[in-house]
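Visitor: Take a look at the following structure, please.
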Amino acid sequence: MAFLEIDGLKKRFGSVEILKGIDVDLEKGGFLVLVGPSGCGKSTLLNTIAGLETITEGEIRVDGRAINDLHPSKRDIAMVFQSYALYPNMTVAGNIAFGMEMRGVPAAERQKAIDKVAKVLQIGHLLQRKPSQLSGGQRQRVAMGRALVRDPKLFLFDEPLSNLDAKLRVDMRIEIKRLHATTGTTIVYVTHDQIEAMTLATKIAVMRDGEVQQFGTPAEIYNNPTNIFVADFMGSPAMNLVPATIGGNGSGLSVVLQRDGREPISLPLAKPPAGLSAFQGKPVIFGVRPEALTDPEGAERNASNIAAADCHIEVIEPAGSDTFAVTNLGGKAVVARLRADARIQPGTVTPLAFNLTKAVFFDPATENRIL
Amino acid sequence: MSAVTTPARQDTGGTSAKTLNRIVIYGLLALFALFYLMPLFVMLVTSFKTMDEIQNGNMLALPRAPTFEPWLKAWGETCVGLTCAGIKGYFWNSIKMVVPAVLISTLLGALNGYVLTKWRFRGHTLVFGLMLFACFIPFQSVLLPMATILGSLSRFGVTLQNATGFSFGLGNPTVNLVFVHVVYGLGFTTLFFRNYYEAFPTELIKAAQVDGASFFQIFRRIMLPNSMPIFVVTVIYQFTNIWNDFLFASAYAGTGDAMPMTVALNNVVNTSTGVVEYNVNMAAAMIAALPTLLVYVVAGRYFVRGLMAGAVKG
């Protein structure tokens with residue numbers, strides 16, 4: 001039995017269904033990231049777990065106990081808010097201890113807990129300051145301290161890093177990951193940033209329009225997306241989704257990609273997914289990640305199905321660690337990820353290696369994966 | 001004023017026209033200020049003059065031999081109607097009435113604002129609309145209905161007195177005035193606090209809920225300590241209004257021992273025994289005006305801005 005279980009959760013505001021039956025579970029000590037674009041219902045889902053919003057249908061269980069009818073303070077959860085929500089009239093110590101004070105913990109014990117948390121988060125020198133005297137990163141730490149000090153069963157993070165600048169965000173991301181590793185707490189984390197989701201999670205739920213599109217480990221989500229939405233949303237730069245047709249030459253299948261003014265590319269598929277034979281001669285969406293489309297020297301050596309084809313390079317984007325090359329296939333800009341020192345010139349025709357073991361296919365009508 | 005008619009003129013005579021503008025504007029402002037302060041000046045100088053000087057001298061002249069005598073007389077000896085014990089008793093009457101009325105109406109307004117923004121219920125806009133409507137009801141139209149209600153309360157007080165030996169203040173004119181001012185002030189105080197709390201970060205309330213704070217704990221520990229600016233505004237507004245109120249005061253406590261300052265001042269000025277003591281009248285009027293002035297000076301200092309800095313994303 002999982003530690004956090006959400007069964008058939010529905011939430012309606014009047015006739016509008018915000019959450020349309022969510023089924024998610026998480027093992028003890030796991031890190032669940034709810035990710036999706038704005039308005040997908042991820043924050044609402046988190047608020048229902050916290051008890052700040054009621055649910056219409058379904059059940060939420062933590063450690064085997066149904067908590068959906070309990071007051072937020074009785075659920076044994078702690079929450080870190082997007083805006084940090086520090087009480088401006090209290091000192092950092094007062095902020096951290098407020099919850100304990102409300103639960104009637106004696107002052108000496110409170111002080112001990114504050115000191116312990118301050119040590120973990122290295123905010124000991126800030127304890128007597130007011131929130132207005134802190135920097136963004138310090139406020140973020142205090143907000144986490146307020147959650148940590150309760151030692152709850154479940155931590156809820158609502159886009160905690162979205163207010164920080166890019167560099168600090170990376171630092172705090174690592175800090176949260178370290179915190180999770182050292183304390184072994186169970187965390188539910190909401191973000192719209194797919195990199196945060198990939199780096200932090202043990203489980204990811206990709207959401208859209210109040211539905212979970214896919215639920216799985218980061219590797220599953222990244223390598224085996226169930227539909228075009230998940231494939232497109234996860235990964236940066238995004239997966240190339242190219243309109244293509246499936247061709248057959250008696251023995252095997254191949255994927256045919258259109259090019260401007262030149263004959264189409266035909267790439268033979270060594271191990272096509274079983275469902276693909278039904279699409280012979282029909283259009284599909286061919287999905288290939290930029291790192292699976294590279295210069296032939298840089299291609300993965302032990303991949304079983306690599307096909308090279310000449311492509312016209314339109315734009316080069318040197319990013320330091322990699323060089324991104326943009327070509328045009330099937331009427332769409334396609335990004336290839338090359339080694340940083342790859343010798344390549346814009347406007348030339350260069351062979352690119354397609355790692356077809358990593359390629360995925362989608363049905364253009366249903367947008368679902370062809371398996 | 002005319003500097004912007006053509007670009008050419010602006011280039012050549014721009015600065016001199018600007019200076020002229022400034023002179024005209026500040027000149028006018030100074031003139032208005034002077035006009036506005038003139039009566040206060042006359043009152044102040046007159047209150048420090050002897051009667052001889054007033055009768056023989058210039059109204060605008062400074063006192064030749066300043067004396068506190070009129071102030072002392074106004075405070076302790078002057079006649080209000082038939083009793084001649086000064087206005088000090090009435091001054092305390094007003095304080096006893098204004099302080100509770102201001103505090104109760106402000107706190108209730110804060111509570112209303114808190115509920116109307118952070119604990120919304122079905123029909124909260126209608127309730128707020130109706131409360132807002134209370135701001136626009138003219139004083140005169142509630143005089144008679146309120147008198148009837150106060151009469152009933154007073155009779156109920158008598159019943160309580162007979163039954164329990166204690167009237168709980170019902171029927172007491174001071175309590176009546178507090179009640180009237182609280183009811184009448186609620187519309188304004190609710191409006192002030194609701195608009196302030198509308199912009200108050202709701203995540204703070206959520207965080208406090210997760211921390212286990214109750215409805216009133218959140219109000220007392222989170223909302224009120226972060227409401228200083230609007231609290232001060234409301235207190236200044238309510239204090240000035242209630243202290244200066246004459247209509248309700250004269251209608252519900254116009255005679256007897258509970259008479260507030262404003263009514264007493266009117267009676268001082270209208271008492272006609274012998275010579276009209278202008279200096280004493282002016283001093284009494286100044287005493288009556290002092291508390292509102294004091295509230296501005298003292299409370300204004302706490303009128304701090306940016307108190308919410310640091311609560312949420314900075």
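Note on naming: chains are A, B, ... as they come in the structure tokens, residues start from 1 per chain, ligands start from 1 in the order shown.
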Provide as an MDAnalysis selection string the residues of chain A at most 10 Å from chain B, counting only C-alpha atoms.
Guide: chainID A and resid 47 50:52 71:90 95:103 130:136 139:140 143 146:147 150 163:164
Visitor: For B:Gly76, please output as a list in words all residues within 9 Å (counting only C-alpha atoms; exclusion window: fewer than 3 positions along the same chain).
Guide: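 In the requested format, the answer is Trp71, Leu72, Lys73, Cys84, Ala85, Gly86, Ile87, Lys88 and Gly89 of chain B.
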Visitor: Include N, CA and C atoms and write out the residues we just selected as a compact mmCIF listing (two decimals), in the first residue's frame.
Guide:
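Output file result06.txt follows:
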# COMPACT_ATOMS: atom_id res chain seq x y z
N TRP B 71 -8.88 80.29 29.56
CA TRP B 71 -8.79 78.84 29.41
C TRP B 71 -9.18 78.15 30.71
N LEU B 72 -8.63 78.68 31.82
CA LEU B 72 -8.94 78.07 33.12
C LEU B 72 -10.42 78.21 33.43
N LYS B 73 -10.96 79.39 33.09
CA LYS B 73 -12.37 79.64 33.37
C LYS B 73 -13.25 78.72 32.53
N CYS B 84 -22.62 75.98 36.74
CA CYS B 84 -21.41 76.73 36.42
C CYS B 84 -20.18 76.00 36.94
N ALA B 85 -19.81 74.88 36.30
CA ALA B 85 -18.64 74.12 36.73
C ALA B 85 -17.69 73.89 35.57
N GLY B 86 -17.79 74.72 34.54
CA GLY B 86 -16.88 74.60 33.41
C GLY B 86 -17.27 73.45 32.49
N ILE B 87 -16.40 73.28 31.47
CA ILE B 87 -16.72 72.25 30.48
C ILE B 87 -15.98 70.96 30.74
N LYS B 88 -15.23 70.88 31.85
CA LYS B 88 -14.37 69.70 32.03
C LYS B 88 -15.17 68.41 32.12
N GLY B 89 -16.33 68.49 32.80
CA GLY B 89 -17.15 67.29 32.92
C GLY B 89 -17.62 66.79 31.57
Visitor: B:Cys79: which residues within 12 Å, counting only C-alpha atoms, same-chain residues fewer than 4 positions away excluded, as a PyMOL selection string?
Guide: chain B and resi 73-75+83-90+264-274+276-277+280-281+284
Visitor: For atom CA of A:Thr323 and atom CA of A:Ala336, determine how far apart the two atoms are, in Å to one decimal place.
Guide: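 Computed distance, atom CA of A:Thr323 to atom CA of A:Ala336, equals 8.3 Å.
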Visitor: Between B:Leu170, B:Met43, B:Val232, B:Leu29, single out the one closest to B:Ala289, counting only C-alpha atoms.
Guide: B:Met43
Visitor: Among the residues of stretch 197-257 of chain A, find those DSSP assigns to strand (DSSP E) from the backbone and print them as a list in words.
Guide: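 Result set for stretch 197-257 of chain A (strand (DSSP E)): Lys203, Ile204, Ala205, Val206, Met207, Arg208, Glu211, Val212, Gln213, Gln214, Phe215, Gly216, Asn240, Leu241, Val242, Pro243, Ala244, Thr245, Ile246, Gly247, Gly248, Leu253, Ser254, Val255, Val256 and Leu257 of chain A.
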Visitor: I need the alpha helix (DSSP H) residues of stretch 211-288 of chain B per DSSP on the backbone, written as an MDAnalysis selection string.
Guide: chainID B and resid 215:218 228:244 247:253 261:270 278:288
Visitor: Restricting it to N, CA and C atoms, dump the selection as a short mmCIF file (atom, residue, chain, number, x, y, z; two decimals), in the first residue's frame.
Guide:
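selection_6.cif, written as the output of this step:
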data_model
loop_
_atom_site.label_atom_id
_atom_site.label_comp_id
_atom_site.auth_asym_id
_atom_site.auth_seq_id
_atom_site.Cartn_x
_atom_site.Cartn_y
_atom_site.Cartn_z
N PHE B 215 -9.90 30.75 13.40
CA PHE B 215 -10.47 31.96 12.80
C PHE B 215 -10.02 33.22 13.54
N PHE B 216 -10.19 33.23 14.86
CA PHE B 216 -9.86 34.44 15.62
C PHE B 216 -8.36 34.58 15.84
N GLN B 217 -7.67 33.44 15.94
CA GLN B 217 -6.21 33.52 16.08
C GLN B 217 -5.60 34.15 14.84
N ILE B 218 -6.10 33.78 13.66
CA ILE B 218 -5.59 34.37 12.42
C ILE B 218 -5.88 35.87 12.43
N MET B 228 -1.92 48.13 10.47
CA MET B 228 -1.67 49.42 11.12
C MET B 228 -2.09 50.62 10.25
N PRO B 229 -1.69 50.70 8.98
CA PRO B 229 -2.04 51.89 8.21
C PRO B 229 -3.55 52.13 8.14
N ILE B 230 -4.30 51.08 7.83
CA ILE B 230 -5.74 51.28 7.67
C ILE B 230 -6.38 51.47 9.05
N PHE B 231 -5.79 50.86 10.07
CA PHE B 231 -6.30 51.03 11.44
C PHE B 231 -6.20 52.50 11.84
N VAL B 232 -5.06 53.10 11.55
CA VAL B 232 -4.86 54.51 11.90
C VAL B 232 -5.81 55.40 11.12
N VAL B 233 -5.95 55.13 9.83
CA VAL B 233 -6.87 55.92 9.00
C VAL B 233 -8.27 55.85 9.58
N THR B 234 -8.71 54.63 9.90
CA THR B 234 -10.07 54.44 10.40
C THR B 234 -10.26 55.14 11.74
N VAL B 235 -9.26 55.02 12.62
CA VAL B 235 -9.38 55.65 13.93
C VAL B 235 -9.47 57.17 13.78
N ILE B 236 -8.62 57.74 12.94
CA ILE B 236 -8.66 59.19 12.74
C ILE B 236 -10.03 59.61 12.21
N TYR B 237 -10.50 58.87 11.23
CA TYR B 237 -11.78 59.20 10.61
C TYR B 237 -12.92 59.09 11.61
N GLN B 238 -12.96 57.98 12.32
CA GLN B 238 -14.04 57.75 13.27
C GLN B 238 -13.97 58.73 14.44
N PHE B 239 -12.76 58.95 14.96
CA PHE B 239 -12.61 59.85 16.10
C PHE B 239 -13.10 61.24 15.74
N THR B 240 -12.66 61.75 14.60
CA THR B 240 -13.06 63.09 14.18
C THR B 240 -14.57 63.18 14.03
N ASN B 241 -15.14 62.19 13.35
CA ASN B 241 -16.59 62.21 13.12
C ASN B 241 -17.38 62.15 14.41
N ILE B 242 -17.02 61.23 15.27
CA ILE B 242 -17.82 61.02 16.48
C ILE B 242 -17.61 62.16 17.46
N TRP B 243 -16.39 62.62 17.58
CA TRP B 243 -16.12 63.73 18.49
C TRP B 243 -16.86 64.98 18.02
N ASN B 244 -16.89 65.22 16.75
CA ASN B 244 -17.51 66.43 16.23
C ASN B 244 -19.02 66.33 16.08
N LEU B 247 -25.47 66.31 16.04
CA LEU B 247 -26.87 65.94 15.84
C LEU B 247 -27.30 64.83 16.79
N PHE B 248 -26.59 63.68 16.74
CA PHE B 248 -26.95 62.56 17.62
C PHE B 248 -26.78 62.95 19.08
N ALA B 249 -25.68 63.69 19.36
CA ALA B 249 -25.40 64.08 20.73
C ALA B 249 -26.54 64.91 21.30
N SER B 250 -26.99 65.88 20.52
CA SER B 250 -28.04 66.75 21.05
C SER B 250 -29.39 66.02 21.09
N ALA B 251 -29.57 65.06 20.15
CA ALA B 251 -30.87 64.37 20.11
C ALA B 251 -31.00 63.35 21.23
N TYR B 252 -29.92 62.61 21.53
CA TYR B 252 -30.05 61.51 22.49
C TYR B 252 -29.40 61.78 23.84
N ALA B 253 -28.59 62.86 23.92
CA ALA B 253 -28.01 63.21 25.21
C ALA B 253 -27.90 64.72 25.32
N MET B 261 -19.32 67.06 24.73
CA MET B 261 -18.63 68.33 24.57
C MET B 261 -19.30 69.26 23.56
N THR B 262 -19.66 68.73 22.42
CA THR B 262 -20.19 69.59 21.36
C THR B 262 -21.46 70.31 21.80
N VAL B 263 -22.33 69.57 22.49
CA VAL B 263 -23.58 70.16 22.96
C VAL B 263 -23.28 71.18 24.06
N ALA B 264 -22.35 70.81 24.95
CA ALA B 264 -22.00 71.71 26.04
C ALA B 264 -21.44 73.02 25.50
N LEU B 265 -20.60 72.92 24.48
CA LEU B 265 -20.00 74.12 23.89
C LEU B 265 -21.09 75.04 23.35
N ASN B 266 -22.03 74.43 22.67
CA ASN B 266 -23.16 75.20 22.16
C ASN B 266 -23.88 75.91 23.30
N ASN B 267 -24.06 75.20 24.42
CA ASN B 267 -24.75 75.79 25.56
C ASN B 267 -23.94 76.90 26.21
N VAL B 268 -22.61 76.74 26.24
CA VAL B 268 -21.75 77.78 26.80
C VAL B 268 -21.95 79.07 26.02
N VAL B 269 -21.88 78.93 24.70
CA VAL B 269 -21.96 80.11 23.85
C VAL B 269 -23.35 80.74 23.93
N ASN B 270 -24.37 79.89 24.12
CA ASN B 270 -25.73 80.42 24.13
C ASN B 270 -26.20 80.91 25.50
N TYR B 278 -16.24 86.57 25.23
CA TYR B 278 -15.70 86.00 23.99
C TYR B 278 -14.45 85.17 24.24
N ASN B 279 -13.58 85.68 25.13
CA ASN B 279 -12.32 84.96 25.35
C ASN B 279 -12.57 83.57 25.92
N VAL B 280 -13.54 83.46 26.87
CA VAL B 280 -13.86 82.16 27.45
C VAL B 280 -14.50 81.24 26.39
N ASN B 281 -15.40 81.82 25.61
CA ASN B 281 -16.04 81.03 24.55
C ASN B 281 -15.01 80.47 23.57
N MET B 282 -14.08 81.34 23.18
CA MET B 282 -13.06 80.91 22.23
C MET B 282 -12.19 79.82 22.85
N ALA B 283 -11.83 80.00 24.12
CA ALA B 283 -11.00 79.00 24.79
C ALA B 283 -11.74 77.67 24.86
N ALA B 284 -13.02 77.73 25.18
CA ALA B 284 -13.82 76.49 25.25
C ALA B 284 -13.86 75.81 23.89
N ALA B 285 -14.02 76.61 22.84
CA ALA B 285 -14.06 76.03 21.49
C ALA B 285 -12.73 75.38 21.14
N MET B 286 -11.63 76.05 21.56
CA MET B 286 -10.31 75.48 21.29
C MET B 286 -10.14 74.15 22.03
N ILE B 287 -10.58 74.13 23.29
CA ILE B 287 -10.48 72.88 24.07
C ILE B 287 -11.27 71.78 23.36
N ALA B 288 -12.44 72.16 22.85
CA ALA B 288 -13.27 71.16 22.18
C ALA B 288 -12.60 70.63 20.91
#
Visitor: Leaving out stretch 306-321 of chain A and any residue of its chain fewer than 5 positions from it, which residues lie within 7 Å of it when counting only C-alpha atoms, given as a ChimeraX atom specification?
Guide: /A:265,267,326-327,340,346-356
Visitor: Could you save those same residues with C-alpha atoms as a tab-separated table (two decimals), in the first residue's frame?
Guide:
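Result file follows (out08.tsv):
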chain	number	residue	atom	x	y	z
A	265	ILE	CA	14.23	10.78	-46.63
A	267	LEU	CA	14.68	5.67	-42.76
A	326	VAL	CA	18.14	23.49	-37.00
A	327	THR	CA	17.04	21.75	-40.17
A	340	ALA	CA	30.16	21.40	-29.07
A	346	PRO	CA	24.78	26.92	-41.70
A	347	GLY	CA	23.51	26.66	-45.27
A	348	THR	CA	25.33	23.41	-45.97
A	349	VAL	CA	24.07	19.88	-46.39
A	350	THR	CA	25.40	17.53	-43.71
A	351	PRO	CA	24.61	13.93	-42.81
A	352	LEU	CA	22.74	13.59	-39.49
A	353	ALA	CA	22.33	10.34	-37.57
A	354	PHE	CA	18.81	9.40	-36.46
A	355	ASN	CA	18.82	7.12	-33.42
A	356	LEU	CA	15.63	5.26	-34.27
Visitor: Find the residues near B:Met51: any atom within 12 Å, counting only C-alpha atoms, skip ones fewer than 2 places away on the same chain, and give them as a count of residues only.
Guide: 24
Visitor: So that I can check the surroundings of A:Gly29, please list as a list of chain:residue names every protein, DNA and RNA residue that reaches within 8 Å of it, counting only C-alpha atoms and ignoring chain neighbours fewer than 6 positions away.
Guide: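 Final neighbour list, sorted by chain and number: A:Gly184, A:Thr185, A:Thr186, A:Ile187.
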Visitor: For A:Leu9, work out the shell of residues within 8 Å, counting only C-alpha atoms and skipping chain neighbours fewer than 4 positions away, then give it as a list of chain:residue names.
Guide: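 The residues that qualify are A:Leu19, A:Lys20, A:Gly21, A:Ile22, A:Asp23, A:Ile55, A:Thr56, A:Glu57, A:Gly58, A:Glu59, A:Ile60.
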Visitor: To one decimal place, how far is atom CA of B:Phe166 from atom CA of B:Thr148 in Å?
Guide: 22.1 Å
Visitor: Find the distance between atom CA of B:Thr190 and atom CA of B:Gly123 and write it in Å to one decimal.
Guide: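 Computed distance, atom CA of B:Thr190 to atom CA of B:Gly123, equals 16.0 Å.
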